[in-house]
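Here is the file entry07.cif (mmCIF, C-alpha atoms).
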```cif
data_model
#
loop_
_atom_site.group_PDB
_atom_site.id
_atom_site.type_symbol
_atom_site.label_atom_id
_atom_site.label_comp_id
_atom_site.auth_asym_id
_atom_site.auth_seq_id
_atom_site.Cartn_x
_atom_site.Cartn_y
_atom_site.Cartn_z
ATOM 1 C CA MET A 24 -10.574 6.751 2.360
ATOM 2 C CA SER A 25 -13.981 5.441 3.415
ATOM 3 C CA GLU A 26 -14.221 3.171 6.431
ATOM 4 C CA LEU A 27 -16.811 0.415 6.078
ATOM 5 C CA VAL A 28 -17.758 -2.049 8.806
ATOM 6 C CA THR A 29 -18.611 -5.596 7.769
ATOM 7 C CA GLY A 30 -21.057 -7.919 9.466
ATOM 8 C CA GLU A 31 -18.156 -9.448 11.381
ATOM 9 C CA ALA A 32 -17.273 -5.981 12.794
ATOM 10 C CA VAL A 33 -14.172 -5.726 10.596
ATOM 11 C CA ALA A 34 -13.330 -2.195 9.472
ATOM 12 C CA LEU A 35 -12.474 -1.895 5.777
ATOM 13 C CA GLU A 36 -10.741 1.094 4.239
ATOM 14 C CA LEU A 37 -11.955 1.430 0.642
ATOM 15 C CA ARG A 38 -11.357 4.167 -1.892
ATOM 16 C CA PRO A 39 -14.654 5.354 -3.387
ATOM 17 C CA ALA A 40 -14.569 6.125 -7.093
ATOM 18 C CA ARG A 41 -15.090 9.756 -7.987
ATOM 19 C CA LEU A 42 -17.103 11.347 -10.768
ATOM 20 C CA PRO A 43 -14.446 11.488 -13.557
ATOM 21 C CA SER A 44 -13.523 7.801 -13.360
ATOM 22 C CA ARG A 45 -17.148 6.733 -13.014
ATOM 23 C CA ALA A 46 -18.213 8.878 -15.979
ATOM 24 C CA LEU A 47 -15.483 7.358 -18.130
ATOM 25 C CA ALA A 48 -16.531 3.823 -17.107
ATOM 26 C CA VAL A 49 -20.202 4.560 -17.910
ATOM 27 C CA LEU A 50 -19.217 6.047 -21.264
ATOM 28 C CA LEU A 51 -17.260 2.910 -22.193
ATOM 29 C CA ASP A 52 -20.189 0.717 -21.130
ATOM 30 C CA LEU A 53 -22.616 2.794 -23.220
ATOM 31 C CA VAL A 54 -20.374 2.596 -26.290
ATOM 32 C CA ALA A 55 -20.142 -1.185 -25.966
ATOM 33 C CA ALA A 56 -23.914 -1.515 -25.359
ATOM 34 C CA MET A 57 -24.797 0.726 -28.311
ATOM 35 C CA ALA A 58 -22.466 -1.197 -30.620
ATOM 36 C CA LEU A 59 -24.127 -4.439 -29.541
ATOM 37 C CA TYR A 60 -27.595 -2.892 -29.919
ATOM 38 C CA VAL A 61 -26.869 -1.696 -33.469
ATOM 39 C CA ALA A 62 -25.497 -5.101 -34.478
ATOM 40 C CA VAL A 63 -28.503 -6.953 -33.044
ATOM 41 C CA THR A 64 -30.937 -4.475 -34.656
ATOM 42 C CA ILE A 65 -29.396 -4.944 -38.091
ATOM 43 C CA VAL A 66 -29.645 -8.704 -37.753
ATOM 44 C CA LEU A 67 -33.313 -8.472 -36.666
ATOM 45 C CA VAL A 68 -34.253 -6.083 -39.475
ATOM 46 C CA VAL A 69 -32.794 -8.419 -42.060
ATOM 47 C CA SER A 70 -34.308 -11.563 -40.558
ATOM 48 C CA THR A 71 -37.779 -10.130 -39.801
ATOM 49 C CA ALA A 72 -38.398 -8.237 -42.999
ATOM 50 C CA SER A 73 -41.428 -10.417 -43.751
ATOM 51 C CA LEU A 74 -43.195 -9.591 -40.462
ATOM 52 C CA ASP A 75 -45.780 -6.878 -40.057
ATOM 53 C CA GLU A 76 -45.066 -3.459 -38.504
ATOM 54 C CA ALA A 77 -46.479 -4.356 -35.048
ATOM 55 C CA ALA A 78 -44.229 -7.392 -34.709
ATOM 56 C CA GLN A 79 -41.189 -5.434 -35.778
ATOM 57 C CA THR A 80 -41.984 -2.723 -33.202
ATOM 58 C CA ALA A 81 -42.370 -5.305 -30.449
ATOM 59 C CA LEU A 82 -39.065 -6.914 -31.383
ATOM 60 C CA SER A 83 -37.275 -3.551 -31.406
ATOM 61 C CA ILE A 84 -38.596 -2.696 -27.921
ATOM 62 C CA ALA A 85 -37.595 -6.120 -26.610
ATOM 63 C CA THR A 86 -34.149 -5.720 -28.142
ATOM 64 C CA PHE A 87 -33.730 -2.306 -26.508
ATOM 65 C CA VAL A 88 -34.698 -3.626 -23.078
ATOM 66 C CA LEU A 89 -32.605 -6.778 -23.307
ATOM 67 C CA VAL A 90 -29.446 -5.166 -24.701
ATOM 68 C CA LEU A 91 -29.379 -1.786 -22.921
ATOM 69 C CA VAL A 92 -30.956 -2.883 -19.624
ATOM 70 C CA GLY A 93 -30.732 -6.638 -19.247
ATOM 71 C CA ALA A 94 -27.179 -7.049 -20.556
ATOM 72 C CA PRO A 95 -25.570 -4.622 -18.036
ATOM 73 C CA ILE A 96 -27.502 -6.266 -15.192
ATOM 74 C CA ALA A 97 -26.355 -9.730 -16.246
ATOM 75 C CA VAL A 98 -22.740 -8.617 -16.692
ATOM 76 C CA GLU A 99 -22.564 -6.953 -13.245
ATOM 77 C CA THR A 100 -24.205 -9.990 -11.623
ATOM 78 C CA LEU A 101 -21.925 -12.561 -13.233
ATOM 79 C CA SER A 102 -18.737 -10.503 -12.831
ATOM 80 C CA HIS A 103 -19.570 -9.429 -9.231
ATOM 81 C CA GLY A 104 -19.737 -5.716 -10.028
ATOM 82 C CA ARG A 105 -17.169 -5.360 -12.811
ATOM 83 C CA SER A 106 -18.488 -4.310 -16.201
ATOM 84 C CA LEU A 107 -16.312 -3.683 -19.248
ATOM 85 C CA GLY A 108 -15.886 0.025 -18.491
ATOM 86 C CA LYS A 109 -15.259 -0.571 -14.803
ATOM 87 C CA MET A 110 -12.585 -3.171 -15.518
ATOM 88 C CA ALA A 111 -10.875 -0.728 -17.871
ATOM 89 C CA CYS A 112 -10.914 2.020 -15.216
ATOM 90 C CA GLY A 113 -10.068 -0.250 -12.285
ATOM 91 C CA LEU A 114 -13.468 0.123 -10.560
ATOM 92 C CA ARG A 115 -15.860 -2.315 -8.954
ATOM 93 C CA VAL A 116 -19.350 -2.241 -7.442
ATOM 94 C CA VAL A 117 -19.580 -3.610 -3.888
ATOM 95 C CA ARG A 118 -22.185 -3.623 -1.155
ATOM 96 C CA ASP A 119 -22.147 -1.091 1.655
ATOM 97 C CA ASP A 120 -20.475 -3.691 3.887
ATOM 98 C CA GLY A 121 -17.735 -4.356 1.317
ATOM 99 C CA GLY A 122 -19.111 -7.677 0.026
ATOM 100 C CA PRO A 123 -19.835 -8.612 -3.618
ATOM 101 C CA ILE A 124 -23.151 -7.567 -5.114
ATOM 102 C CA ARG A 125 -25.914 -9.971 -6.113
ATOM 103 C CA PHE A 126 -28.677 -9.972 -8.699
ATOM 104 C CA ARG A 127 -31.035 -7.760 -6.702
ATOM 105 C CA HIS A 128 -28.364 -5.066 -6.327
ATOM 106 C CA ALA A 129 -27.559 -5.119 -10.031
ATOM 107 C CA LEU A 130 -31.291 -5.100 -10.894
ATOM 108 C CA VAL A 131 -32.016 -1.977 -8.816
ATOM 109 C CA ARG A 132 -28.951 -0.184 -10.199
ATOM 110 C CA GLY A 133 -29.882 -1.105 -13.778
ATOM 111 C CA LEU A 134 -33.543 -0.076 -13.539
ATOM 112 C CA ILE A 135 -32.802 3.270 -11.892
ATOM 113 C CA GLY A 136 -29.900 3.767 -14.299
ATOM 114 C CA VAL A 137 -32.382 3.820 -17.195
ATOM 115 C CA ILE A 138 -33.946 6.964 -15.700
ATOM 116 C CA GLU A 139 -30.888 8.810 -14.387
ATOM 117 C CA ILE A 140 -28.464 7.852 -17.176
ATOM 118 C CA LEU A 141 -30.311 6.955 -20.397
ATOM 119 C CA MET A 142 -33.390 9.210 -20.188
ATOM 120 C CA THR A 143 -31.615 12.256 -18.748
ATOM 121 C CA PHE A 144 -28.292 11.739 -20.596
ATOM 122 C CA GLY A 145 -26.497 11.203 -17.280
ATOM 123 C CA ILE A 146 -27.294 14.653 -15.854
ATOM 124 C CA VAL A 147 -29.131 13.317 -12.784
ATOM 125 C CA ALA A 148 -26.436 10.727 -12.146
ATOM 126 C CA CYS A 149 -23.665 13.347 -12.377
ATOM 127 C CA ILE A 150 -25.440 15.694 -9.955
ATOM 128 C CA ALA A 151 -26.117 12.909 -7.442
ATOM 129 C CA SER A 152 -22.549 11.627 -7.642
ATOM 130 C CA PHE A 153 -21.123 15.123 -7.291
ATOM 131 C CA VAL A 154 -23.074 15.989 -4.131
ATOM 132 C CA SER A 155 -22.598 12.566 -2.512
ATOM 133 C CA ALA A 156 -19.798 12.218 0.017
ATOM 134 C CA ARG A 157 -18.800 8.848 -1.467
ATOM 135 C CA GLY A 158 -19.658 9.582 -5.090
ATOM 136 C CA ARG A 159 -22.841 7.467 -5.199
ATOM 137 C CA ARG A 160 -25.618 7.966 -7.713
ATOM 138 C CA LEU A 161 -29.305 7.295 -7.018
ATOM 139 C CA GLY A 162 -29.041 3.678 -8.137
ATOM 140 C CA ASP A 163 -26.289 3.070 -5.569
ATOM 141 C CA VAL A 164 -28.313 4.734 -2.810
ATOM 142 C CA PHE A 165 -31.424 2.615 -3.401
ATOM 143 C CA ALA A 166 -29.464 -0.590 -4.043
ATOM 144 C CA GLY A 167 -27.153 -0.137 -1.044
ATOM 145 C CA THR A 168 -24.000 -0.311 -3.166
ATOM 146 C CA LEU A 169 -20.796 1.632 -3.627
ATOM 147 C CA VAL A 170 -18.348 1.916 -6.528
ATOM 148 C CA VAL A 171 -14.770 1.633 -5.281
ATOM 149 C CA ARG A 172 -11.307 1.620 -6.774
ATOM 150 C CA GLU A 173 -9.743 -1.816 -6.729
ATOM 151 C CA ARG A 174 -6.599 -1.073 -8.724
ATOM 152 C CA ILE A 175 -3.706 -0.672 -6.262
ATOM 153 C CA PRO A 176 -0.552 1.177 -7.336
ATOM 154 C CA VAL A 177 2.477 -1.051 -7.852
ATOM 155 C CA THR A 178 4.785 -0.848 -4.834
ATOM 156 C CA ARG A 179 7.781 -2.750 -3.606
ATOM 157 C CA THR A 180 6.594 -5.678 -1.558
ATOM 158 C CA GLY A 181 8.705 -7.906 0.614
ATOM 159 C CA TYR A 182 11.407 -5.254 1.067
ATOM 160 C CA VAL A 183 12.405 -4.639 4.672
ATOM 161 C CA PRO A 184 14.060 -1.211 5.039
ATOM 162 C CA PRO A 185 17.417 -1.260 6.841
ATOM 163 C CA PRO A 186 17.774 0.486 10.197
ATOM 164 C CA PRO A 187 19.693 3.758 10.456
ATOM 165 C CA PRO A 188 23.479 3.385 10.744
ATOM 166 C CA TRP A 189 23.544 4.790 14.277
ATOM 167 C CA LEU A 190 21.647 1.670 15.422
ATOM 168 C CA ALA A 191 23.998 -0.844 13.788
ATOM 169 C CA GLY A 192 25.041 -3.443 16.384
ATOM 170 C CA ARG A 193 23.100 -1.735 19.157
ATOM 171 C CA PHE A 194 21.057 -4.850 19.962
ATOM 172 C CA SER A 195 23.689 -7.536 19.473
ATOM 173 C CA GLY A 196 23.236 -8.855 23.019
ATOM 174 C CA LEU A 197 19.455 -9.244 23.020
ATOM 175 C CA ASP A 198 17.993 -12.653 23.809
ATOM 176 C CA LEU A 199 15.740 -13.375 20.819
ATOM 177 C CA SER A 200 15.062 -17.012 21.615
ATOM 178 C CA ALA A 201 11.696 -16.296 23.280
ATOM 179 C CA VAL A 202 10.272 -14.330 20.356
ATOM 180 C CA PRO A 203 7.666 -16.486 18.529
ATOM 181 C CA ASP A 204 7.552 -16.831 14.767
ATOM 182 C CA GLY A 205 4.153 -15.155 14.619
ATOM 183 C CA LEU A 206 5.545 -11.962 16.122
ATOM 184 C CA TRP A 207 8.484 -11.981 13.686
ATOM 185 C CA LEU A 208 6.037 -12.355 10.809
ATOM 186 C CA ALA A 209 3.898 -9.465 12.074
ATOM 187 C CA VAL A 210 6.959 -7.210 12.448
ATOM 188 C CA ARG A 211 8.197 -8.081 8.974
ATOM 189 C CA GLN A 212 4.799 -7.457 7.399
ATOM 190 C CA TYR A 213 4.597 -4.082 9.123
ATOM 191 C CA LEU A 214 8.065 -3.042 7.929
ATOM 192 C CA THR A 215 7.284 -3.996 4.334
ATOM 193 C CA ARG A 216 4.000 -2.059 4.323
ATOM 194 C CA MET A 217 4.607 0.847 6.681
ATOM 195 C CA GLN A 218 4.957 3.317 3.789
ATOM 196 C CA GLN A 219 1.389 2.468 2.705
ATOM 197 C CA LEU A 220 -0.186 3.061 6.127
ATOM 198 C CA ASP A 221 -1.618 6.224 7.565
ATOM 199 C CA PRO A 222 1.067 7.946 9.713
ATOM 200 C CA GLN A 223 -0.954 7.782 12.927
ATOM 201 C CA VAL A 224 -2.055 4.189 12.346
ATOM 202 C CA GLY A 225 1.487 3.159 11.451
ATOM 203 C CA TRP A 226 2.976 4.815 14.544
ATOM 204 C CA SER A 227 0.509 3.165 16.930
ATOM 205 C CA MET A 228 1.042 -0.221 15.258
ATOM 206 C CA ALA A 229 4.829 0.166 15.544
ATOM 207 C CA GLU A 230 4.548 1.062 19.235
ATOM 208 C CA ARG A 231 2.412 -2.002 19.916
ATOM 209 C CA LEU A 232 4.795 -4.324 18.066
ATOM 210 C CA ALA A 233 7.835 -2.769 19.744
ATOM 211 C CA SER A 234 6.214 -3.246 23.167
ATOM 212 C CA ASP A 235 5.456 -6.908 22.427
ATOM 213 C CA LEU A 236 8.999 -7.461 21.177
ATOM 214 C CA ALA A 237 10.481 -5.786 24.246
ATOM 215 C CA ASP A 238 8.379 -7.979 26.537
ATOM 216 C CA ARG A 239 9.679 -11.095 24.795
ATOM 217 C CA THR A 240 13.315 -10.037 24.882
ATOM 218 C CA GLY A 241 13.248 -8.714 28.449
ATOM 219 C CA ALA A 242 14.869 -5.393 27.497
ATOM 220 C CA PRO A 243 12.847 -2.172 27.202
ATOM 221 C CA VAL A 244 12.853 -0.024 24.097
ATOM 222 C CA PRO A 245 15.550 2.664 24.515
ATOM 223 C CA GLN A 246 14.363 6.200 24.983
ATOM 224 C CA GLY A 247 14.525 8.461 21.951
ATOM 225 C CA ILE A 248 14.480 5.646 19.356
ATOM 226 C CA PRO A 249 11.456 5.575 17.016
ATOM 227 C CA PRO A 250 9.573 2.275 17.300
ATOM 228 C CA ALA A 251 9.876 1.579 13.573
ATOM 229 C CA ALA A 252 13.651 2.056 13.696
ATOM 230 C CA TYR A 253 13.826 -0.216 16.749
ATOM 231 C CA LEU A 254 11.892 -2.950 14.923
ATOM 232 C CA ALA A 255 14.110 -2.646 11.847
ATOM 233 C CA ALA A 256 17.290 -2.854 13.954
ATOM 234 C CA VAL A 257 16.112 -5.949 15.840
ATOM 235 C CA VAL A 258 15.048 -7.662 12.610
ATOM 236 C CA GLN A 259 18.440 -6.923 11.089
ATOM 237 C CA GLU A 260 20.146 -8.376 14.168
ATOM 238 C CA ARG A 261 18.082 -11.560 13.838
ATOM 239 C CA GLN A 262 18.969 -11.841 10.159
ATOM 240 C CA ALA A 263 22.655 -11.343 10.955
ATOM 241 C CA ARG A 264 22.530 -14.123 13.556
ATOM 242 C CA GLU A 265 20.843 -16.480 11.132
ATOM 243 C CA ALA A 266 23.471 -15.698 8.506
ATOM 244 C CA ARG A 267 26.301 -16.381 10.964
ATOM 245 C CA ARG A 268 24.631 -19.605 12.024
ATOM 246 C CA ALA A 269 24.195 -20.726 8.409
ATOM 247 C CA PHE A 270 27.599 -19.741 7.024
ATOM 248 C CA GLY A 271 29.703 -19.853 10.186
ATOM 249 C CA SER A 272 31.290 -17.016 12.138
ATOM 250 C CA GLY A 273 34.892 -16.005 12.586
ATOM 251 C CA THR A 274 36.896 -16.917 15.675
ATOM 252 C CA GLY A 275 38.519 -14.591 18.074
ATOM 253 C CA ALA A 276 35.665 -12.107 18.186
ATOM 254 C CA PRO A 277 35.745 -9.856 21.265
ATOM 255 C CA ALA A 278 32.994 -10.072 23.878
ATOM 256 C CA PRO A 279 30.251 -7.460 23.716
ATOM 257 C CA ALA A 280 30.352 -4.504 26.060
ATOM 258 C CA PRO A 281 28.137 -4.507 29.172
ATOM 259 C CA ALA A 282 24.515 -3.460 28.753
ATOM 260 C CA THR A 283 23.439 0.118 29.377
ATOM 261 C CA ASP A 284 19.862 1.030 30.391
ATOM 262 C CA GLY A 285 18.745 -2.545 29.783
ATOM 263 C CA VAL A 286 19.993 -2.513 26.170
ATOM 264 C CA PRO A 287 23.338 -4.125 25.353
ATOM 265 C CA ALA A 288 25.813 -1.888 23.623
ATOM 266 C CA ALA A 289 27.535 -2.613 20.358
ATOM 267 C CA PRO A 290 30.344 -5.177 20.414
ATOM 268 C CA ALA A 291 33.802 -3.841 20.941
ATOM 269 C CA VAL A 292 35.830 -3.393 17.772
ATOM 270 C CA PRO A 293 39.611 -3.852 18.007
ATOM 271 C CA ALA A 294 41.516 -0.663 17.365
ATOM 272 C CA ALA A 295 43.507 -0.421 14.174
ATOM 273 C CA PRO A 296 47.305 -0.442 14.561
ATOM 274 C CA GLU A 297 48.836 2.982 14.690
ATOM 275 C CA PRO A 298 50.972 4.008 11.716
ATOM 276 C CA PRO A 299 54.725 4.192 12.210
ATOM 277 C CA VAL A 300 56.032 7.519 13.394
ATOM 278 C CA VAL A 301 58.301 9.240 10.902
ATOM 279 C CA PRO A 302 61.065 11.062 12.703
ATOM 280 C CA PRO A 303 61.106 14.714 11.858
ATOM 281 C CA GLY A 304 63.975 15.882 9.768
ATOM 282 C CA PRO A 305 65.348 19.279 8.980
ATOM 283 C CA VAL A 306 63.450 20.693 6.063
ATOM 284 C CA SER A 307 64.310 24.061 4.782
ATOM 285 C CA GLY A 308 61.430 26.503 4.759
ATOM 286 C CA PRO A 309 60.804 29.536 2.642
ATOM 287 C CA SER A 310 62.904 31.745 4.925
ATOM 288 C CA GLY A 311 65.848 29.419 4.783
ATOM 289 C CA GLY A 312 65.270 27.968 8.274
ATOM 290 C CA SER A 313 64.414 24.434 9.163
ATOM 291 C CA ARG A 314 61.065 23.091 10.306
ATOM 292 C CA PRO A 315 59.920 19.587 11.358
ATOM 293 C CA GLN A 316 58.575 17.357 8.595
ATOM 294 C CA GLU A 317 54.851 16.579 8.877
ATOM 295 C CA SER A 318 53.548 13.008 8.611
ATOM 296 C CA PRO A 319 51.767 11.959 5.390
ATOM 297 C CA GLU A 320 48.602 11.156 7.383
ATOM 298 C CA ALA A 321 48.335 14.727 8.619
ATOM 299 C CA THR A 322 48.878 16.264 5.217
ATOM 300 C CA GLU A 323 46.359 13.966 3.462
ATOM 301 C CA ALA A 324 43.563 14.138 6.066
ATOM 302 C CA THR A 325 40.292 15.310 4.590
ATOM 303 C CA GLU A 326 36.898 15.870 6.066
ATOM 304 C CA ALA A 327 34.532 12.855 5.754
ATOM 305 C CA PRO A 328 31.418 13.527 3.683
ATOM 306 C CA VAL A 329 28.152 13.898 5.558
ATOM 307 C CA VAL A 330 25.580 11.238 4.597
ATOM 308 C CA ASP A 331 21.884 11.987 4.918
ATOM 309 C CA GLU A 332 20.452 9.063 6.890
ATOM 310 C CA ARG A 333 16.840 9.924 5.999
ATOM 311 C CA SER A 334 17.524 9.376 2.268
ATOM 312 C CA ARG A 335 19.143 5.979 2.878
ATOM 313 C CA THR A 336 16.978 4.383 5.540
ATOM 314 C CA GLY A 337 13.839 6.474 5.953
ATOM 315 C CA PHE A 338 14.495 6.921 9.685
ATOM 316 C CA VAL A 339 15.615 10.035 11.504
ATOM 317 C CA PRO A 340 18.156 9.849 14.380
ATOM 318 C CA PRO A 341 16.948 11.084 17.756
ATOM 319 C CA ALA A 342 17.614 14.693 18.707
#
```

Can the structure in the file be given as structure tokens, please?
Amino acid sequence: MSELVTGEAVALELRPARLPSRALAVLLDLVAAMALYVAVTIVLVVSTASLDEAAQTALSIATFVLVLVGAPIAVETLSHGRSLGKMACGLRVVRDDGGPIRFRHALVRGLIGVIEILMTFGIVACIASFVSARGRRLGDVFAGTLVVRERIPVTRTGYVPPPPPWLAGRFSGLDLSAVPDGLWLAVRQYLTRMQQLDPQVGWSMAERLASDLADRTGAPVPQGIPPAAYLAAVVQERQAREARRAFGSGTGAPAPAPATDGVPAAPAVPAAPEPPVVPPGPVSGPSGGSRPQESPEATEATEAPVVDERSRTGFVPPA
């Protein structure tokens, strides 16, 4: 990643294009330009057959300059840095501050490209791009431009990951009425994009959002809970409340348990009725004696499977 700072002091993280993708884009542009040059040359030869040799030479030079130099400059200017090869490879030319290029940038890149690409068969451009930290050739250095990758991999957007099961119902008693809509939107956007962020940047952003959310609710973030898991649990609690408000809630629900360490505990769940006790009867054993009969629940008890919480939610329970 390459951090660029705009004129408004906004830091941009762009991905500079490397030598293989840039070489492929230049090759596609050269193939398209040469095909156009050959077609225009054939048309001129047929239409100017009656002219003298000097006029034909002048027309051929003008055709070479216009097609192989002027056409790429015009295309990059009109498309804001996206030629045919760059569009195919998902690349784009931008200024050093991240803005779109203009005619002067495309002109400098095109004129220097004649020397480092056409006259030297791309050897100078490959060497300059290879030794540059951001993959820039000489035309980019003198024009103040940078070729970046603008094609973003397809990811799931709008999906809020669920909190880990050990946080289910933990924040059912929080007062969420003072939390503004802007903070909810920021938390939701973070949760949907936290897998795309740098780990350190994502952690600091989650801590800041969790602190703001705790200030609004009046309850501190519990110790040992990751901030991202805390945000996901509170968002799920808000969604559950909205669902109950929209579709109605059942009656006779027990009151939540008292808060512990400033965080309300999960609501009490009524215990299931105990199964009827089967009186033991005399059952003959292998030795001919009698032994008490075991209950079906004891004979059919099996160990519950262990579920990996990391694979389901992406969060790890505290140690």

**Message:** Please enumerate the residues selected by the PyMOL selection byres ((chain A and resi 250) around 8) when evaluated against the supplied file, formatted as JSON, numbers by chain.
**Reply:** {"A": [226, 229, 230, 233, 244, 248, 249, 251, 252, 253, 254]}

**Asked** Using all atoms listed in the file, which residues sit within 12 Å of Ala81 in chain A once same-chain residues fewer than 6 positions away are excluded, as a list of chain:residue names?
**Response** A:Leu67, A:Thr71, A:Leu74, A:Asp75, A:Phe87, A:Val88

**Prompt:** Using the chain letters and numbers from the file, which residues does the PyMOL selection byres ((chain A and resi 150) around 12) grab, as a list of chain:residue names?
**Reply:**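 Applied to this file, the PyMOL selection byres ((chain A and resi 150) around 12) returns A:Leu42, A:Ala46, A:Glu139, A:Ile140, A:Thr143, A:Phe144, A:Gly145, A:Ile146, A:Val147, A:Ala148, A:Cys149, A:Ala151, A:Ser152, A:Phe153, A:Val154, A:Ser155, A:Ala156, A:Gly158, A:Arg159, A:Arg160, A:Leu161.
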
Residue selection dump (C-alpha atoms) as a CSV table (one decimal), keeping the file's coordinate frame:
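Result went into part-v6.csv, see below:
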```
chain,number,residue,atom,x,y,z
A,42,LEU,CA,-17.1,11.3,-10.8
A,46,ALA,CA,-18.2,8.9,-16.0
A,139,GLU,CA,-30.9,8.8,-14.4
A,140,ILE,CA,-28.5,7.9,-17.2
A,143,THR,CA,-31.6,12.3,-18.7
A,144,PHE,CA,-28.3,11.7,-20.6
A,145,GLY,CA,-26.5,11.2,-17.3
A,146,ILE,CA,-27.3,14.7,-15.9
A,147,VAL,CA,-29.1,13.3,-12.8
A,148,ALA,CA,-26.4,10.7,-12.1
A,149,CYS,CA,-23.7,13.3,-12.4
A,151,ALA,CA,-26.1,12.9,-7.4
A,152,SER,CA,-22.5,11.6,-7.6
A,153,PHE,CA,-21.1,15.1,-7.3
A,154,VAL,CA,-23.1,16.0,-4.1
A,155,SER,CA,-22.6,12.6,-2.5
A,156,ALA,CA,-19.8,12.2,0.0
A,158,GLY,CA,-19.7,9.6,-5.1
A,159,ARG,CA,-22.8,7.5,-5.2
A,160,ARG,CA,-25.6,8.0,-7.7
A,161,LEU,CA,-29.3,7.3,-7.0
```

**Prompt:** Hey, can you check how far CA of Thr240 in chain A sits from CA of Gln212 in chain A?
**Reply:**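 For CA of Thr240 in chain A relative to CA of Gln212 in chain A, the distance reads 19.6 Å.
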
**Asked** Which of these, A:Ala166, A:Ala48, A:Val224, A:Val63, has the shortest distance to Arg105 in chain A once you count all atoms listed in the file?
**Response**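 That would be A:Ala48, the residue with the smallest distance to Arg105 in chain A.
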
**Request:** With only C-alpha atoms counted, which protein, DNA or RNA residues have an atom no more than 10 Å from (-18.1, -0.3, -12.7) in the file frame? Please answer as a ChimeraX atom specification.
**Result:** /A:40,44-49,52,99,103-117,169-172

Convert the current residue selection to file output with C-alpha atoms, as an mmCIF file, keeping the file's coordinate frame.
```
data_model
loop_
_atom_site.group_PDB
_atom_site.id
_atom_site.type_symbol
_atom_site.label_atom_id
_atom_site.label_comp_id
_atom_site.auth_asym_id
_atom_site.auth_seq_id
_atom_site.Cartn_x
_atom_site.Cartn_y
_atom_site.Cartn_z
ATOM 1 C CA ALA A 40 -14.569 6.125 -7.093
ATOM 2 C CA SER A 44 -13.523 7.801 -13.360
ATOM 3 C CA ARG A 45 -17.148 6.733 -13.014
ATOM 4 C CA ALA A 46 -18.213 8.878 -15.979
ATOM 5 C CA LEU A 47 -15.483 7.358 -18.130
ATOM 6 C CA ALA A 48 -16.531 3.823 -17.107
ATOM 7 C CA VAL A 49 -20.202 4.560 -17.910
ATOM 8 C CA ASP A 52 -20.189 0.717 -21.130
ATOM 9 C CA GLU A 99 -22.564 -6.953 -13.245
ATOM 10 C CA HIS A 103 -19.570 -9.429 -9.231
ATOM 11 C CA GLY A 104 -19.737 -5.716 -10.028
ATOM 12 C CA ARG A 105 -17.169 -5.360 -12.811
ATOM 13 C CA SER A 106 -18.488 -4.310 -16.201
ATOM 14 C CA LEU A 107 -16.312 -3.683 -19.248
ATOM 15 C CA GLY A 108 -15.886 0.025 -18.491
ATOM 16 C CA LYS A 109 -15.259 -0.571 -14.803
ATOM 17 C CA MET A 110 -12.585 -3.171 -15.518
ATOM 18 C CA ALA A 111 -10.875 -0.728 -17.871
ATOM 19 C CA CYS A 112 -10.914 2.020 -15.216
ATOM 20 C CA GLY A 113 -10.068 -0.250 -12.285
ATOM 21 C CA LEU A 114 -13.468 0.123 -10.560
ATOM 22 C CA ARG A 115 -15.860 -2.315 -8.954
ATOM 23 C CA VAL A 116 -19.350 -2.241 -7.442
ATOM 24 C CA VAL A 117 -19.580 -3.610 -3.888
ATOM 25 C CA LEU A 169 -20.796 1.632 -3.627
ATOM 26 C CA VAL A 170 -18.348 1.916 -6.528
ATOM 27 C CA VAL A 171 -14.770 1.633 -5.281
ATOM 28 C CA ARG A 172 -11.307 1.620 -6.774
#
```

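The closest residue to Leu199 in chain A, picked from A:Ser83, A:Gly241, A:Arg267, A:Arg125 and counting only C-alpha atoms, is A:Gly241.
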
**CA of Val90 in chain A to CA of Val61 in chain A, distance in Å rounded to a single decimal** =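 Those two atoms sit 9.8 Å apart.
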
**Request:** Tell me, in Å to one decimal, how far CA of Gly192 in chain A is from CA of Leu232 in chain A.
**Result:** 20.3 Å
